[in-house]
Each structure stands twice: as C-alpha cells, then as structure tokens.
Amino acid sequence: MSEDKIKKTEVDLLSTAISRIISSEVLQSIMSNQLPLTNDLTDSNKIYCGKASILFVDMRESTKLPEKFNAVQLVKIYRSYIRTVVQAIRYSGGVVRDFMGDGVLAVFIDSEDGKSEDKAVHAARYITTAVDKLLNPVLDQAVKHRISCGVGIHTGEITLSKVGMKGKEQQEDAENEFGIAWIGNSTNFACKFSGAVGNGTIFISASTYAALTDIDGKQKWKYIEIAKGNNILKGYIAKQYYLQLDDDIAPCVAEEYKPVLSLVDELKMEYQKQLADLTKKSEELGKKEQLLSEKESQLNRTTVETNKKAKELIAKEKSLNVQTYRFYLDVLESGHCKTAYVTEMGEDFWEENLDELILAGAQIGKDAHAVKQEISYAMVDIYQSLKKYDKAYDFLVEQAAGHPWLHLFTVRDIVTKVGYCERLKTALYQRLRKDDLSIKQREDFTKIKDWLVFEYKQ
C-alpha cells in the first residue's frame, strides 16, 4: 500500500519542472500548411498558432449500447465506427488528434489542397454518407443496430503545445506520457455543436459557413439558433447532406431520438404549453365551482355560508383573471430586445396577444391606456423590430405618459423615421408637471423634451 505522503524526491522533481515551465520564455511559431506531429514537438514552452477548423463527431446514446450488446458485438460496433470516421477525416485532408470515448476530434488547416473550412465540411459529409450508406446497412444486418452521430465544426484561431511528462526516473521502460493541448474556443464550440444534433446532421459555426467556397452548396445550409443548457448555439445545419457514390445506395438512417428544434420552435412549444396549462386550470376551476354550487343546493346551507362561498369563488375568479393578465404580459415582454424572435413570430401574433392583454386588463379593472402604458416599452421595441415605426411612435407616447423610464436613443430613432413628434412633446410636458418621477428619471425625460424642442428639425 502506498505511503500517505508525497516523497521529497517527487516534490523536488515537480517543483523544478514547474519553475522551468513558468520561468521559460514562450516561443511562438505560426503553423504553415501542415500540423506539427506530437513526436516533432519538444517538451518546452514552444507553441504553434494559427487558424484551423476543428471537427468533432460523437455517437448518440452510446452509453446505452452495453445494455443491448455483449462485448464481442460492442467491439465490432465501435471499431467499425471509428475506422469509418478516421478514413473520412484522413481522406478529406484532416488529421485526427484525439479520441474521447466514442468521440473523435480532428483538425484541418489551410494548405495548397484547399481551405480548412471546405475540407472539414467535406469530412463531415463523408462521415454522414459512410455511416448511413455503408456502415449502418452492415450493422443493421449483423446486430440489428444503426448508428446515429452528430458532427460539429468551428473555425477560429488555435494555439497548441506539447504537454505531459517524459518517462519516470530509474525506470527505463516507463512510457512517455505526452499529448497536445489545444488552447482556444474552437474545440469547445465544435464539441457543443456536435452534441446539439444527431442522425447525420452537421452543425457548423458562422465563421466556417462564411468561408465556404461552394456558393451553390451554401443553399443546403439553414441558419439556426439552438438552446443547449444555458447556452444559445448559433450557426448553420445541414441534414443528410451526402456525398455522391458510384453506386446509388439508399441511406440506412437511425431512428431520430430527439428532433433538432430551433430556439423559436422551442419558444412556440413553451407558449402553447403554458396556454394549455392555463386553459386546463380554468376548466378545472369551472368544474369545481359547479360541484360546489350543487353541494350548496343539496345541503341548503344558510345565507351566511352561501355568501362566504360566493366570496371565495369571486376571489378565485379574480386570481385567475390576474394570472391570465400576467400570462399575456409575459408573452409580450418576451419579445423585448429579441429581433429575430419577434420577426419570426410575426406582427399578427404580437397584436393578437396585445388584444388579449387589454381584455384581460379590463377584467381586473385596468383601462386600455393603463395596460398600454405598462407594456409600452416592450411594444415600442417589438414594432421597431417589425419596422412598424408609426405604431412604435403610438406606444412611445403611451410610454412617455405613464411608464417610469424612456430612452433618448429610442426616441431619436423613431421620431426621425416617422417625421413628427407633437403628441410626444405634449405627453412629455404633461408628465413633467406630475410628481411621479425620480430625480434621475426626471433628468432623462427633460433631456428628451429638450431634444425634441431645440434640436430635432422636422
């Protein structure tokens, strides 16, 4: 059993190594048209920098394979899959630089053979073609299994350096444990892109897409924003974007375990879910109210008890009305500062929810102006995103009349585009005569009023 301590000789060895690394000058070299090999790198502070396209491919739901197959079958599945991926990378001009379980990391750089982006995308298409048309038909026949994998690509600046440790003192046969550290975000992004898709889908970053030389091929790609955990991944995807084969082979595609949903699609689904939950709660409350009324009639309760129950029902109805108002308020507020989302949902969507908010406001005692003033900041931004500046101006007037804040740059943008400002000036004068603004808010409103009066020229 090992001692419960680190020997002094090992402490001295590590301290010396750390001091040497920290104190040594970092020597930087620019990568040319070939990646340095691990064995060609020295155990020193020498780094290589340059632009590269990083590809990461990962098998979907591989953790479940040991539950379905024995060791012999697993060996055949993994080895045939990795062999397929490595050939696709190698024959597309890339180099495999790491194996992470069933994930494979490859690097492509610019050379006389072409740009790194073109080579990485070719490798990704090679992988999806070979997996769906060559590997899966064989696996489906042999072990009744089809592989699904996602491919992610990101292009950017990377830095690489040799890391690890040479052998071990007094043990000549000890293995050198060296590898390459990839410094930069490209590897991280490629892994995240790969993890967000499956079933032969390729997810590339905007930097990769922008540099592709195949203009016609760019039409195959669709811009998408995908919510992954706490991150929003932005880029382009292409599904089953196969390379051609001499023989026409039908693809053998794995069952899709989870569809790729854009951020807008996810928001629409969440909106429908919340609306369905609200409707269900309303129906349940109605049933409970009916049952309560029947029981009251059957038991012939006293007037005091009946009044008490009636008050409870009124309170529940008020609570539901407040929840309904809050729901539509949240829907409209969700469009604030989200131009792509606002545009995707369309003008009719936002105005329908605005009408519902006004109706819900009436149920809780708020008139239309009070409702519009409360949501004015969001509606101004929504109509700006939709380029409906006359409507944005109408809500700007409501914001000046009753909202606690107003931004000068927003006023400038909208007033300049519509070419008029009299109602807004009147609203500002009336608001400044009230005593409902803080010192800072009053300063902001005064600056806006002064700009309209002294600087803006119609």
# chains A, B, ... in the order shown; residues from 1 in each chain; ligands from 1
$ select_by_dssp --residues "region 338-421 of chain A" --states "helix (DSSP H, G or I)" --output "PyMOL selection string"
chain A and resi 339-345+347-363+368-385+389-402+408-418
$ atom_distance --atom1 "CA of Ala210 (chain A)" --atom2 "CA of Ile226 (chain A)"
19.0 Å
$ closest_residue --among "A:Cys421, A:Leu212, A:Ala196, A:Ala250" --to "Thr155 (chain A)" --atoms "only C-alpha atoms"
A:Leu212
$ closest_residue --among "A:Thr128, A:Ser205, A:Thr63, A:Asn353" --to "Leu332 (chain A)" --atoms "only C-alpha atoms"
A:Asn353
